[in-house]
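Participant: First the structure, then my questions, so here it is.
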Amino acid sequence: MAKLTLKNIAKHFGRTRIIEGFNLDIESEEFIVLVGPSGCGKSTLLRMIAGLEDVTAGEIAIDNERVNERDPAGREIAMVFQSYALYPHMNAYENMAFSLKMEKKLNHDEIDARVKEAAAILRLEHVLMQKPKELSGGQKQRVAIGRAFVRKPKIFLFDEPLSNLDAKLRVEMRLEIAKLRESVAATMIYVTHDQVEAMTLADRIVVLKNGNIEQTGTPSELYLHPDNEFVAGFIGSPKMNFYPATLNDINVLNDGSAEYVICFKNLAASETERDHYRKITVTAARRKSLKLNLDDIGALKGTEIKVGCRPENITATQSTAPATDKEDPTHLLETMDSPLLFTSKIDVIEYLGNLSYLYMKNPFLTTELATMVVNIDNRQLFKKHEQITLHIPLKYMHLFRPNGAALN
C-alpha cells in the first residue's frame, strides 16, 4: 500500500502539450478511476506513473519519495494492459510466475505459493496448465491480472483492461476486480471509457479533459453535483439533456439560499405559450461549496444560460399539454414553482427490456440535430411519432453559466 503524489506533472511530445500542470494526491489503498474522452491524457498519465513514459516536468512521488528517475521495476508498481500481453508459448502458470522468476528474489516454493494464491482468488486453478490460445478472453485477462497480483505491488495500474471483452465478460471481470481489491492492500488506478466501470469500482473518479482535471469526487458527487457542463454531460448514460434559458432575476432569501428566476423559450410552442418562467432555489450549503458570488451571478441577468436534466428525472405522459402549460406571460408566483411542462413527438424508441429510451426533438433548440432523451420503464406504452407531455421537476434541474461552470 502506498500514497501516490503527482505534482505539477507535464508531458509534451514536441510542441504538442498533452498534460500541463497536473496535480493529484491518491491516498493509500484508494481506488481511483480516470475517465475522459479519447486523447485527454489518461493512458499517458498512467504510463508516466509506471515509468514507461518520461515526465517532461513535475514530480511523481510514492510515499513521499521521488521516483521520476527510477526505472519501472524499481517503483513497486504492476500494470495490467488493454491487450493481455501473455507469452503464447507459456501456460497460464508460467505466465503468472515469469516476472517472479526473473527477479530471482523468491525460491521455487514461494513462487508456487503466490501463483496458487492468485489463481484461487481469480478462479484460475483449473486452467493453470493451459496456454493462452486455449483460454477465453475473460480467462486471459484474469491471467494478466494474476501476473500483476503475484508481484505484491504497492500500486496497481489498469489501462482499460476490459475493453476487449464482450458485454457479459465485462460484467464478470468487473466483479472480479471489485473482489480483488478486497483481497489486496494496494492503491489502484484504473483508466476506462466505460462509465459503469467508473461508477461501480471507484472510491473517487477523476474526470479529465485536454490533460486537465475537470472534477474529482465520489461517483455520487459527480453524478448529483457536477461542477460544470462538461462533467454533467460526460457522467451518466444516456447523457444529460440541455436546454437554453435566460436568467431573469436572482433573490437572496433569509436563510442564505438564493432564488433564480429562469425563463425558458419553447420554440415549438405558439407565441402565447412560448415563455415559461420558473423559480429554482439554491441552498446556502451548495452556494458555499461552489463559492457562488451573487454579485458575479447578478451580472448574468438577462443572459442565456444552460439548464440540464438527466433522462431518468423526466416524466413522460401520453396526454397532450395540460392547461397549466398555457400560462399567462406574467406568470403568477404560484405557477412559477410548478414543474416545467412541454410537449414533443417521439422520433425513436430504444427498447432495453426493463426500460426504454425515448428520443425526440428538443423543443427549446432550433437545430434539427438537437435531440433529447427520456428514460421510461416499460409499464408505460408509447409509440413512435406519438405526441407526449414531458414533466421536469425543478429540483432535478442543473444550471450552468455561459462558460459552463455550475450555478447550482
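Each chain in the C-alpha cells gets a letter, A, B, ..., in the order shown, and its residues are numbered from 1; ligands are numbered from 1 in order too.
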Report as a PDB file with N, CA, C and O atoms, in the first residue's frame: the residues of range 152-331 of chain A with a DSSP assignment of helix (DSSP H, G or I), based on the backbone of this structure.
Facilitator:
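Writing the result to part-v7.pdb gives the following:
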```pdb
ATOM      1  N   ALA A 167     -19.854  -7.911 -23.647  1.00  0.00           N
ATOM      2  CA  ALA A 167     -20.607  -7.299 -22.558  1.00  0.00           C
ATOM      3  C   ALA A 167     -20.727  -8.205 -21.337  1.00  0.00           C
ATOM      4  O   ALA A 167     -20.555  -7.768 -20.195  1.00  0.00           O
ATOM      5  N   LYS A 168     -21.004  -9.493 -21.570  1.00  0.00           N
ATOM      6  CA  LYS A 168     -21.177 -10.426 -20.453  1.00  0.00           C
ATOM      7  C   LYS A 168     -19.879 -10.613 -19.686  1.00  0.00           C
ATOM      8  O   LYS A 168     -19.852 -10.592 -18.449  1.00  0.00           O
ATOM      9  N   LEU A 169     -18.770 -10.769 -20.410  1.00  0.00           N
ATOM     10  CA  LEU A 169     -17.480 -10.949 -19.755  1.00  0.00           C
ATOM     11  C   LEU A 169     -17.046  -9.689 -19.021  1.00  0.00           C
ATOM     12  O   LEU A 169     -16.383  -9.764 -17.980  1.00  0.00           O
ATOM     13  N   ARG A 170     -17.401  -8.504 -19.552  1.00  0.00           N
ATOM     14  CA  ARG A 170     -17.052  -7.254 -18.865  1.00  0.00           C
ATOM     15  C   ARG A 170     -17.697  -7.205 -17.494  1.00  0.00           C
ATOM     16  O   ARG A 170     -17.081  -6.780 -16.522  1.00  0.00           O
ATOM     17  N   VAL A 171     -18.971  -7.625 -17.422  1.00  0.00           N
ATOM     18  CA  VAL A 171     -19.665  -7.643 -16.133  1.00  0.00           C
ATOM     19  C   VAL A 171     -18.965  -8.603 -15.176  1.00  0.00           C
ATOM     20  O   VAL A 171     -18.723  -8.271 -14.004  1.00  0.00           O
ATOM     21  N   GLU A 172     -18.616  -9.790 -15.663  1.00  0.00           N
ATOM     22  CA  GLU A 172     -17.953 -10.787 -14.813  1.00  0.00           C
ATOM     23  C   GLU A 172     -16.593 -10.285 -14.325  1.00  0.00           C
ATOM     24  O   GLU A 172     -16.257 -10.406 -13.136  1.00  0.00           O
ATOM     25  N   MET A 173     -15.817  -9.689 -15.225  1.00  0.00           N
ATOM     26  CA  MET A 173     -14.493  -9.229 -14.850  1.00  0.00           C
ATOM     27  C   MET A 173     -14.553  -8.003 -13.941  1.00  0.00           C
ATOM     28  O   MET A 173     -13.675  -7.801 -13.099  1.00  0.00           O
ATOM     29  N   ARG A 174     -15.585  -7.193 -14.111  1.00  0.00           N
ATOM     30  CA  ARG A 174     -15.767  -6.047 -13.212  1.00  0.00           C
ATOM     31  C   ARG A 174     -15.959  -6.539 -11.774  1.00  0.00           C
ATOM     32  O   ARG A 174     -15.410  -5.976 -10.825  1.00  0.00           O
ATOM     33  N   LEU A 175     -16.720  -7.623 -11.638  1.00  0.00           N
ATOM     34  CA  LEU A 175     -16.926  -8.213 -10.313  1.00  0.00           C
ATOM     35  C   LEU A 175     -15.618  -8.809  -9.777  1.00  0.00           C
ATOM     36  O   LEU A 175     -15.332  -8.707  -8.578  1.00  0.00           O
ATOM     37  N   GLU A 176     -14.831  -9.423 -10.667  1.00  0.00           N
ATOM     38  CA  GLU A 176     -13.547  -9.987 -10.235  1.00  0.00           C
ATOM     39  C   GLU A 176     -12.624  -8.898  -9.697  1.00  0.00           C
ATOM     40  O   GLU A 176     -11.950  -9.080  -8.677  1.00  0.00           O
ATOM     41  N   ILE A 177     -12.584  -7.761 -10.381  1.00  0.00           N
ATOM     42  CA  ILE A 177     -11.710  -6.670  -9.940  1.00  0.00           C
ATOM     43  C   ILE A 177     -12.211  -6.089  -8.622  1.00  0.00           C
ATOM     44  O   ILE A 177     -11.419  -5.742  -7.734  1.00  0.00           O
ATOM     45  N   ALA A 178     -13.539  -5.982  -8.486  1.00  0.00           N
ATOM     46  CA  ALA A 178     -14.104  -5.497  -7.225  1.00  0.00           C
ATOM     47  C   ALA A 178     -13.731  -6.434  -6.075  1.00  0.00           C
ATOM     48  O   ALA A 178     -13.410  -5.981  -4.973  1.00  0.00           O
ATOM     49  N   LYS A 179     -13.764  -7.740  -6.324  1.00  0.00           N
ATOM     50  CA  LYS A 179     -13.384  -8.714  -5.289  1.00  0.00           C
ATOM     51  C   LYS A 179     -11.884  -8.654  -5.018  1.00  0.00           C
ATOM     52  O   LYS A 179     -11.430  -8.800  -3.880  1.00  0.00           O
ATOM     53  N   LEU A 180     -11.090  -8.449  -6.102  1.00  0.00           N
ATOM     54  CA  LEU A 180      -9.641  -8.412  -5.965  1.00  0.00           C
ATOM     55  C   LEU A 180      -9.208  -7.319  -5.000  1.00  0.00           C
ATOM     56  O   LEU A 180      -8.322  -7.529  -4.163  1.00  0.00           O
ATOM     57  N   ARG A 181      -9.831  -6.161  -5.080  1.00  0.00           N
ATOM     58  CA  ARG A 181      -9.413  -5.050  -4.219  1.00  0.00           C
ATOM     59  C   ARG A 181      -9.673  -5.346  -2.748  1.00  0.00           C
ATOM     60  O   ARG A 181      -9.028  -4.765  -1.874  1.00  0.00           O
ATOM     61  N   GLU A 182     -10.626  -6.255  -2.473  1.00  0.00           N
ATOM     62  CA  GLU A 182     -10.864  -6.662  -1.086  1.00  0.00           C
ATOM     63  C   GLU A 182      -9.764  -7.576  -0.579  1.00  0.00           C
ATOM     64  O   GLU A 182      -9.558  -7.707   0.627  1.00  0.00           O
ATOM     65  N   SER A 183      -9.046  -8.215  -1.502  1.00  0.00           N
ATOM     66  CA  SER A 183      -8.009  -9.182  -1.124  1.00  0.00           C
ATOM     67  C   SER A 183      -6.608  -8.586  -1.141  1.00  0.00           C
ATOM     68  O   SER A 183      -5.667  -9.227  -0.677  1.00  0.00           O
ATOM     69  N   GLN A 195     -18.450   4.148 -18.297  1.00  0.00           N
ATOM     70  CA  GLN A 195     -18.940   4.836 -17.108  1.00  0.00           C
ATOM     71  C   GLN A 195     -19.435   3.875 -16.047  1.00  0.00           C
ATOM     72  O   GLN A 195     -19.339   4.159 -14.853  1.00  0.00           O
ATOM     73  N   VAL A 196     -19.957   2.714 -16.481  1.00  0.00           N
ATOM     74  CA  VAL A 196     -20.419   1.735 -15.490  1.00  0.00           C
ATOM     75  C   VAL A 196     -19.240   1.243 -14.660  1.00  0.00           C
ATOM     76  O   VAL A 196     -19.326   1.129 -13.430  1.00  0.00           O
ATOM     77  N   GLU A 197     -18.111   0.963 -15.315  1.00  0.00           N
ATOM     78  CA  GLU A 197     -16.910   0.568 -14.583  1.00  0.00           C
ATOM     79  C   GLU A 197     -16.492   1.658 -13.609  1.00  0.00           C
ATOM     80  O   GLU A 197     -16.172   1.380 -12.446  1.00  0.00           O
ATOM     81  N   ALA A 198     -16.488   2.888 -14.069  1.00  0.00           N
ATOM     82  CA  ALA A 198     -16.066   4.004 -13.216  1.00  0.00           C
ATOM     83  C   ALA A 198     -16.981   4.158 -12.014  1.00  0.00           C
ATOM     84  O   ALA A 198     -16.522   4.276 -10.872  1.00  0.00           O
ATOM     85  N   MET A 199     -18.284   4.134 -12.250  1.00  0.00           N
ATOM     86  CA  MET A 199     -19.245   4.393 -11.181  1.00  0.00           C
ATOM     87  C   MET A 199     -19.302   3.259 -10.166  1.00  0.00           C
ATOM     88  O   MET A 199     -19.569   3.483  -8.985  1.00  0.00           O
ATOM     89  N   THR A 200     -19.062   2.029 -10.602  1.00  0.00           N
ATOM     90  CA  THR A 200     -19.208   0.880  -9.699  1.00  0.00           C
ATOM     91  C   THR A 200     -17.916   0.520  -8.979  1.00  0.00           C
ATOM     92  O   THR A 200     -17.967  -0.080  -7.903  1.00  0.00           O
ATOM     93  N   LEU A 201     -16.749   0.873  -9.533  1.00  0.00           N
ATOM     94  CA  LEU A 201     -15.482   0.473  -8.931  1.00  0.00           C
ATOM     95  C   LEU A 201     -14.822   1.559  -8.092  1.00  0.00           C
ATOM     96  O   LEU A 201     -14.128   1.253  -7.120  1.00  0.00           O
ATOM     97  N   PRO A 219     -18.405   8.858  -6.996  1.00  0.00           N
ATOM     98  CA  PRO A 219     -19.369   8.704  -8.089  1.00  0.00           C
ATOM     99  C   PRO A 219     -20.661   9.478  -7.856  1.00  0.00           C
ATOM    100  O   PRO A 219     -21.173  10.120  -8.779  1.00  0.00           O
ATOM    101  N   SER A 220     -21.190   9.458  -6.641  1.00  0.00           N
ATOM    102  CA  SER A 220     -22.448  10.167  -6.383  1.00  0.00           C
ATOM    103  C   SER A 220     -22.262  11.671  -6.448  1.00  0.00           C
ATOM    104  O   SER A 220     -23.150  12.396  -6.916  1.00  0.00           O
ATOM    105  N   GLU A 221     -21.107  12.182  -5.997  1.00  0.00           N
ATOM    106  CA  GLU A 221     -20.854  13.628  -6.063  1.00  0.00           C
ATOM    107  C   GLU A 221     -20.837  14.102  -7.516  1.00  0.00           C
ATOM    108  O   GLU A 221     -21.425  15.135  -7.847  1.00  0.00           O
ATOM    109  N   LEU A 222     -20.151  13.366  -8.372  1.00  0.00           N
ATOM    110  CA  LEU A 222     -20.074  13.774  -9.774  1.00  0.00           C
ATOM    111  C   LEU A 222     -21.421  13.666 -10.463  1.00  0.00           C
ATOM    112  O   LEU A 222     -21.752  14.490 -11.321  1.00  0.00           O
ATOM    113  N   TYR A 223     -22.184  12.648 -10.108  1.00  0.00           N
ATOM    114  CA  TYR A 223     -23.471  12.435 -10.759  1.00  0.00           C
ATOM    115  C   TYR A 223     -24.516  13.451 -10.296  1.00  0.00           C
ATOM    116  O   TYR A 223     -25.250  14.008 -11.107  1.00  0.00           O
ATOM    117  N   LEU A 224     -24.558  13.694  -8.994  1.00  0.00           N
ATOM    118  CA  LEU A 224     -25.599  14.578  -8.447  1.00  0.00           C
ATOM    119  C   LEU A 224     -25.218  16.048  -8.467  1.00  0.00           C
ATOM    120  O   LEU A 224     -26.084  16.918  -8.593  1.00  0.00           O
ATOM    121  N   GLU A 229     -20.618  22.017 -16.998  1.00  0.00           N
ATOM    122  CA  GLU A 229     -21.424  21.404 -18.059  1.00  0.00           C
ATOM    123  C   GLU A 229     -20.737  20.188 -18.662  1.00  0.00           C
ATOM    124  O   GLU A 229     -21.398  19.207 -19.008  1.00  0.00           O
ATOM    125  N   PHE A 230     -19.403  20.219 -18.777  1.00  0.00           N
ATOM    126  CA  PHE A 230     -18.690  19.084 -19.361  1.00  0.00           C
ATOM    127  C   PHE A 230     -18.882  17.834 -18.510  1.00  0.00           C
ATOM    128  O   PHE A 230     -19.202  16.760 -19.034  1.00  0.00           O
ATOM    129  N   VAL A 231     -18.673  17.940 -17.204  1.00  0.00           N
ATOM    130  CA  VAL A 231     -18.829  16.787 -16.314  1.00  0.00           C
ATOM    131  C   VAL A 231     -20.276  16.307 -16.328  1.00  0.00           C
ATOM    132  O   VAL A 231     -20.549  15.103 -16.371  1.00  0.00           O
ATOM    133  N   ALA A 232     -21.218  17.249 -16.313  1.00  0.00           N
ATOM    134  CA  ALA A 232     -22.639  16.886 -16.334  1.00  0.00           C
ATOM    135  C   ALA A 232     -22.986  16.086 -17.581  1.00  0.00           C
ATOM    136  O   ALA A 232     -23.759  15.125 -17.522  1.00  0.00           O
ATOM    137  N   GLY A 233     -22.414  16.473 -18.721  1.00  0.00           N
ATOM    138  CA  GLY A 233     -22.710  15.779 -19.966  1.00  0.00           C
ATOM    139  C   GLY A 233     -21.922  14.497 -20.132  1.00  0.00           C
ATOM    140  O   GLY A 233     -22.350  13.597 -20.854  1.00  0.00           O
ATOM    141  N   PHE A 234     -20.772  14.393 -19.463  1.00  0.00           N
ATOM    142  CA  PHE A 234     -19.918  13.216 -19.649  1.00  0.00           C
ATOM    143  C   PHE A 234     -20.323  12.088 -18.718  1.00  0.00           C
ATOM    144  O   PHE A 234     -20.304  10.910 -19.100  1.00  0.00           O
ATOM    145  N   GLU A 271     -46.892  31.548 -29.914  1.00  0.00           N
ATOM    146  CA  GLU A 271     -46.389  32.765 -29.274  1.00  0.00           C
ATOM    147  C   GLU A 271     -46.928  32.931 -27.858  1.00  0.00           C
ATOM    148  O   GLU A 271     -46.219  33.326 -26.949  1.00  0.00           O
ATOM    149  N   THR A 272     -48.191  32.613 -27.645  1.00  0.00           N
ATOM    150  CA  THR A 272     -48.803  32.829 -26.330  1.00  0.00           C
ATOM    151  C   THR A 272     -48.340  31.800 -25.306  1.00  0.00           C
ATOM    152  O   THR A 272     -48.462  32.016 -24.106  1.00  0.00           O
ATOM    153  N   GLU A 273     -47.787  30.681 -25.754  1.00  0.00           N
ATOM    154  CA  GLU A 273     -47.362  29.619 -24.839  1.00  0.00           C
ATOM    155  C   GLU A 273     -45.850  29.513 -24.729  1.00  0.00           C
ATOM    156  O   GLU A 273     -45.335  28.673 -24.010  1.00  0.00           O
ATOM    157  N   ALA A 284     -27.997  27.424   0.741  1.00  0.00           N
ATOM    158  CA  ALA A 284     -26.815  28.131   1.225  1.00  0.00           C
ATOM    159  C   ALA A 284     -25.585  27.229   1.213  1.00  0.00           C
ATOM    160  O   ALA A 284     -24.476  27.670   0.878  1.00  0.00           O
ATOM    161  N   ALA A 285     -25.767  25.937   1.549  1.00  0.00           N
ATOM    162  CA  ALA A 285     -24.641  24.989   1.562  1.00  0.00           C
ATOM    163  C   ALA A 285     -24.072  24.801   0.163  1.00  0.00           C
ATOM    164  O   ALA A 285     -22.846  24.757  -0.024  1.00  0.00           O
ATOM    165  N   ARG A 286     -24.955  24.676  -0.830  1.00  0.00           N
ATOM    166  CA  ARG A 286     -24.486  24.494  -2.205  1.00  0.00           C
ATOM    167  C   ARG A 286     -23.808  25.760  -2.707  1.00  0.00           C
ATOM    168  O   ARG A 286     -22.799  25.692  -3.406  1.00  0.00           O
ATOM    169  N   ARG A 287     -24.345  26.910  -2.337  1.00  0.00           N
ATOM    170  CA  ARG A 287     -23.711  28.187  -2.704  1.00  0.00           C
ATOM    171  C   ARG A 287     -22.293  28.241  -2.164  1.00  0.00           C
ATOM    172  O   ARG A 287     -21.361  28.649  -2.853  1.00  0.00           O
ATOM    173  N   LYS A 288     -22.129  27.795  -0.912  1.00  0.00           N
ATOM    174  CA  LYS A 288     -20.808  27.824  -0.278  1.00  0.00           C
ATOM    175  C   LYS A 288     -19.856  26.858  -0.959  1.00  0.00           C
ATOM    176  O   LYS A 288     -18.695  27.185  -1.208  1.00  0.00           O
ATOM    177  N   SER A 289     -20.321  25.641  -1.273  1.00  0.00           N
ATOM    178  CA  SER A 289     -19.448  24.638  -1.892  1.00  0.00           C
ATOM    179  C   SER A 289     -18.977  25.069  -3.276  1.00  0.00           C
ATOM    180  O   SER A 289     -17.868  24.758  -3.690  1.00  0.00           O
ATOM    181  N   LEU A 290     -19.823  25.792  -3.994  1.00  0.00           N
ATOM    182  CA  LEU A 290     -19.459  26.273  -5.335  1.00  0.00           C
ATOM    183  C   LEU A 290     -18.820  27.656  -5.311  1.00  0.00           C
ATOM    184  O   LEU A 290     -18.419  28.176  -6.354  1.00  0.00           O
ATOM    185  N   LEU A 294     -22.824  36.220  -5.480  1.00  0.00           N
ATOM    186  CA  LEU A 294     -24.106  36.663  -6.033  1.00  0.00           C
ATOM    187  C   LEU A 294     -23.972  37.932  -6.865  1.00  0.00           C
ATOM    188  O   LEU A 294     -24.751  38.144  -7.799  1.00  0.00           O
ATOM    189  N   ASP A 295     -22.989  38.772  -6.542  1.00  0.00           N
ATOM    190  CA  ASP A 295     -22.777  39.964  -7.384  1.00  0.00           C
ATOM    191  C   ASP A 295     -22.326  39.540  -8.780  1.00  0.00           C
ATOM    192  O   ASP A 295     -22.754  40.094  -9.792  1.00  0.00           O
ATOM    193  N   ASP A 296     -21.454  38.535  -8.798  1.00  0.00           N
ATOM    194  CA  ASP A 296     -20.972  37.994 -10.075  1.00  0.00           C
ATOM    195  C   ASP A 296     -22.129  37.379 -10.862  1.00  0.00           C
ATOM    196  O   ASP A 296     -22.264  37.583 -12.073  1.00  0.00           O
ATOM    197  N   ILE A 297     -22.976  36.596 -10.161  1.00  0.00           N
ATOM    198  CA  ILE A 297     -24.118  35.975 -10.825  1.00  0.00           C
ATOM    199  C   ILE A 297     -25.106  37.043 -11.284  1.00  0.00           C
ATOM    200  O   ILE A 297     -25.705  36.931 -12.352  1.00  0.00           O
ATOM    201  N   GLY A 298     -25.254  38.085 -10.470  1.00  0.00           N
ATOM    202  CA  GLY A 298     -26.172  39.164 -10.842  1.00  0.00           C
ATOM    203  C   GLY A 298     -25.812  39.795 -12.172  1.00  0.00           C
ATOM    204  O   GLY A 298     -26.681  40.276 -12.906  1.00  0.00           O
ATOM    205  N   PRO A 311     -32.055  12.137 -18.168  1.00  0.00           N
ATOM    206  CA  PRO A 311     -33.207  11.460 -18.783  1.00  0.00           C
ATOM    207  C   PRO A 311     -34.116  10.743 -17.796  1.00  0.00           C
ATOM    208  O   PRO A 311     -35.325  10.701 -17.971  1.00  0.00           O
ATOM    209  N   GLU A 312     -33.539  10.181 -16.720  1.00  0.00           N
ATOM    210  CA  GLU A 312     -34.359   9.433 -15.765  1.00  0.00           C
ATOM    211  C   GLU A 312     -35.172  10.329 -14.840  1.00  0.00           C
ATOM    212  O   GLU A 312     -36.060   9.843 -14.124  1.00  0.00           O
ATOM    213  N   ASN A 313     -34.881  11.639 -14.832  1.00  0.00           N
ATOM    214  CA  ASN A 313     -35.629  12.558 -13.973  1.00  0.00           C
ATOM    215  C   ASN A 313     -36.811  13.199 -14.683  1.00  0.00           C
ATOM    216  O   ASN A 313     -37.548  13.986 -14.086  1.00  0.00           O
ATOM    217  N   ALA A 323     -53.502  22.313 -19.277  1.00  0.00           N
ATOM    218  CA  ALA A 323     -53.799  23.747 -19.239  1.00  0.00           C
ATOM    219  C   ALA A 323     -52.738  24.524 -18.489  1.00  0.00           C
ATOM    220  O   ALA A 323     -52.478  25.677 -18.783  1.00  0.00           O
ATOM    221  N   THR A 324     -52.078  23.906 -17.494  1.00  0.00           N
ATOM    222  CA  THR A 324     -51.074  24.623 -16.717  1.00  0.00           C
ATOM    223  C   THR A 324     -49.877  25.026 -17.561  1.00  0.00           C
ATOM    224  O   THR A 324     -49.088  25.869 -17.171  1.00  0.00           O
ATOM    225  N   ASP A 325     -49.757  24.421 -18.731  1.00  0.00           N
ATOM    226  CA  ASP A 325     -48.661  24.781 -19.615  1.00  0.00           C
ATOM    227  C   ASP A 325     -48.992  26.022 -20.438  1.00  0.00           C
ATOM    228  O   ASP A 325     -48.129  26.607 -21.057  1.00  0.00           O
TER     229      ASP A 325
END
```
Participant: Please provide as a count of residues only all residues within 12 Å of Thr187 in chain A, with the sequence filter that same-chain residues fewer than 6 positions apart are discarded (counting only C-alpha atoms).
Facilitator: 31
Participant: When you count only C-alpha atoms, which of these residues is closest to Leu45 in chain A: A:Val191, A:Ile145, A:Met129, A:Ile346?
Facilitator: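 Residue with the minimum atom-to-atom distance to Leu45 in chain A: A:Val191.
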Participant: Just how far from CA of Cys309 in chain A is CA of Ser338 in chain A, in Å to one decimal?
Facilitator: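 Rounded to one decimal, the two atoms are 15.6 Å apart.
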Participant: Would you mind telling me which residue in A:Lys209, A:Lys279, A:Lys306, A:His391 lies nearest to Thr343 in chain A when using only C-alpha atoms?
Facilitator: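 Distance minimum relative to Thr343 in chain A lands on A:His391.
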Participant: Tell me, in Å to one decimal, how far CA of His385 in chain A is from CA of Ser344 in chain A.
Facilitator: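 Separation between CA of His385 in chain A and CA of Ser344 in chain A: 9.3 Å.
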Participant: List as a list of chain:residue names the protein and nucleic acid residues near range 82-94 of chain A, meaning an atom at most 7 Å away when only C-alpha atoms are counted, but skip any in the same chain fewer than 5 places from it.
Facilitator: A:Val115, A:Val127, A:Leu128, A:Met129, A:Gln130, A:Lys131, A:Pro132, A:Lys140, A:Gln141, A:Val143, A:Ala144, A:Asp159, A:Glu160, A:Pro161, A:Leu162, A:Ser163
Participant: Kindly assemble as a tab-separated table a list of the range 219-249 of chain A residues that lie within 9 Å of range 358-379 of chain A, each paired with its nearest atom pair and their distance in Å to one decimal, using only C-alpha atoms, sorted first by chain and then by ascending residue number.
Facilitator:
```
residue	atom	partner	partner_atom	distance
A:Pro238	CA	A:Val373	CA	7.4
A:Lys239	CA	A:Val373	CA	8.3
A:Met240	CA	A:Val373	CA	8.3
A:Asn241	CA	A:Met372	CA	5.7
A:Phe242	CA	A:Met372	CA	7.9
A:Tyr243	CA	A:Phe364	CA	6.0
A:Pro244	CA	A:Phe364	CA	6.6
A:Ala245	CA	A:Phe364	CA	8.5
```
Participant: Selected residues, C-alpha atoms, written as a short mmCIF file (atom, residue, chain, number, x, y, z; two decimals), in the first residue's frame, please.
Facilitator:
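Dumped to selection01.cif:
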```cif
data_model
loop_
_atom_site.label_atom_id
_atom_site.label_comp_id
_atom_site.auth_asym_id
_atom_site.auth_seq_id
_atom_site.Cartn_x
_atom_site.Cartn_y
_atom_site.Cartn_z
CA PRO A 238 -27.66 8.41 -21.72
CA LYS A 239 -26.12 11.84 -21.31
CA MET A 240 -27.84 14.77 -19.67
CA ASN A 241 -30.31 16.83 -21.73
CA PHE A 242 -29.56 20.55 -22.07
CA TYR A 243 -31.93 23.46 -22.67
CA PRO A 244 -31.15 27.14 -23.26
CA ALA A 245 -32.77 29.60 -20.87
#
```
Participant: As a ChimeraX atom specification, which residues of range 97-189 of chain A does DSSP assign to strand (DSSP E)?
Facilitator: /A:155-159,187-189
Participant: May I have the residues within 10 Å of Val150 in chain A as a PyMOL selection string, using only C-alpha atoms and disregarding those fewer than 5 positions away in the same chain?
Facilitator: chain A and resi 78+96-100+111-119+145
Participant: Write a file of the selected residues as a short mmCIF file (atom, residue, chain, number, x, y, z; two decimals), in the first residue's frame, keeping N, CA, C and O atoms.
Facilitator:
```
data_model
loop_
_atom_site.label_atom_id
_atom_site.label_comp_id
_atom_site.auth_asym_id
_atom_site.auth_seq_id
_atom_site.Cartn_x
_atom_site.Cartn_y
_atom_site.Cartn_z
N ALA A 78 2.63 -2.55 -10.57
CA ALA A 78 2.26 -3.57 -11.57
C ALA A 78 1.17 -2.99 -12.46
O ALA A 78 0.27 -2.30 -11.98
N MET A 96 2.13 -16.34 -15.16
CA MET A 96 1.97 -15.66 -13.88
C MET A 96 3.26 -15.69 -13.06
O MET A 96 3.57 -14.75 -12.33
N ALA A 97 4.05 -16.74 -13.21
CA ALA A 97 5.27 -16.89 -12.41
C ALA A 97 6.49 -16.22 -13.05
O ALA A 97 7.50 -15.99 -12.36
N PHE A 98 6.41 -15.86 -14.32
CA PHE A 98 7.60 -15.43 -15.07
C PHE A 98 8.32 -14.25 -14.43
O PHE A 98 9.54 -14.26 -14.26
N SER A 99 7.59 -13.20 -14.08
CA SER A 99 8.24 -12.00 -13.54
C SER A 99 8.94 -12.30 -12.21
O SER A 99 10.01 -11.75 -11.92
N LEU A 100 8.34 -13.17 -11.40
CA LEU A 100 8.97 -13.53 -10.12
C LEU A 100 10.25 -14.32 -10.34
O LEU A 100 11.24 -14.14 -9.62
N ILE A 111 7.37 -18.88 -4.97
CA ILE A 111 6.72 -18.50 -6.24
C ILE A 111 5.47 -19.34 -6.46
O ILE A 111 4.41 -18.83 -6.83
N ASP A 112 5.59 -20.63 -6.21
CA ASP A 112 4.45 -21.54 -6.38
C ASP A 112 3.28 -21.13 -5.48
O ASP A 112 2.12 -21.12 -5.92
N ALA A 113 3.58 -20.74 -4.24
CA ALA A 113 2.53 -20.34 -3.30
C ALA A 113 1.82 -19.07 -3.79
O ALA A 113 0.60 -18.96 -3.70
N ARG A 114 2.59 -18.13 -4.30
CA ARG A 114 1.98 -16.88 -4.78
C ARG A 114 1.10 -17.12 -6.00
O ARG A 114 0.01 -16.55 -6.11
N VAL A 115 1.57 -17.92 -6.93
CA VAL A 115 0.79 -18.20 -8.13
C VAL A 115 -0.51 -18.91 -7.77
O VAL A 115 -1.60 -18.55 -8.26
N LYS A 116 -0.44 -19.88 -6.88
CA LYS A 116 -1.64 -20.61 -6.50
C LYS A 116 -2.60 -19.74 -5.68
O LYS A 116 -3.83 -19.90 -5.79
N GLU A 117 -2.07 -18.82 -4.89
CA GLU A 117 -2.94 -17.89 -4.16
C GLU A 117 -3.71 -17.00 -5.14
O GLU A 117 -4.92 -16.81 -5.02
N ALA A 118 -2.98 -16.47 -6.14
CA ALA A 118 -3.64 -15.63 -7.15
C ALA A 118 -4.65 -16.43 -7.95
O ALA A 118 -5.75 -15.95 -8.25
N ALA A 119 -4.29 -17.65 -8.31
CA ALA A 119 -5.20 -18.49 -9.08
C ALA A 119 -6.48 -18.79 -8.31
O ALA A 119 -7.58 -18.81 -8.89
N ILE A 145 -4.16 -10.23 -14.90
CA ILE A 145 -4.31 -9.61 -13.58
C ILE A 145 -3.53 -10.43 -12.53
O ILE A 145 -2.87 -9.86 -11.65
#
```
Participant: If we count only C-alpha atoms, what is near Asn68 in chain A at a cut-off of 8 Å, once residues fewer than 6 positions away on the same chain are taken out, given as a list in words?
Facilitator: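 Final neighbour list, sorted by chain and number: Gly51, Asp54, Val55, Glu59, Ile60 and Ala61 of chain A.
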Participant: Put those residues in a file: C-alpha atoms, as a compact mmCIF listing (two decimals), in the first residue's frame.
Facilitator:
```
# COMPACT_ATOMS: atom_id res chain seq x y z
CA GLY A 51 7.81 4.72 -15.65
CA ASP A 54 9.34 10.13 -19.17
CA VAL A 55 7.86 13.11 -17.35
CA GLU A 59 7.31 15.20 -9.72
CA ILE A 60 5.91 11.71 -9.12
CA ALA A 61 6.28 10.59 -5.51
```
Participant: Could you tell me how far CA of Glu65 in chain A sits from CA of Arg17 in chain A, in Å to one decimal place?
Facilitator: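 Rounded to one decimal, the two atoms are 26.2 Å apart.
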Participant: Measuring between only C-alpha atoms, which one of A:Asn8, A:Thr389, A:Thr315, A:Thr281 shows the shortest distance to Asp337 in chain A?
Facilitator: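 Of A:Asn8, A:Thr389, A:Thr315, A:Thr281, the one nearest Asp337 in chain A is A:Thr281, counting only C-alpha atoms.
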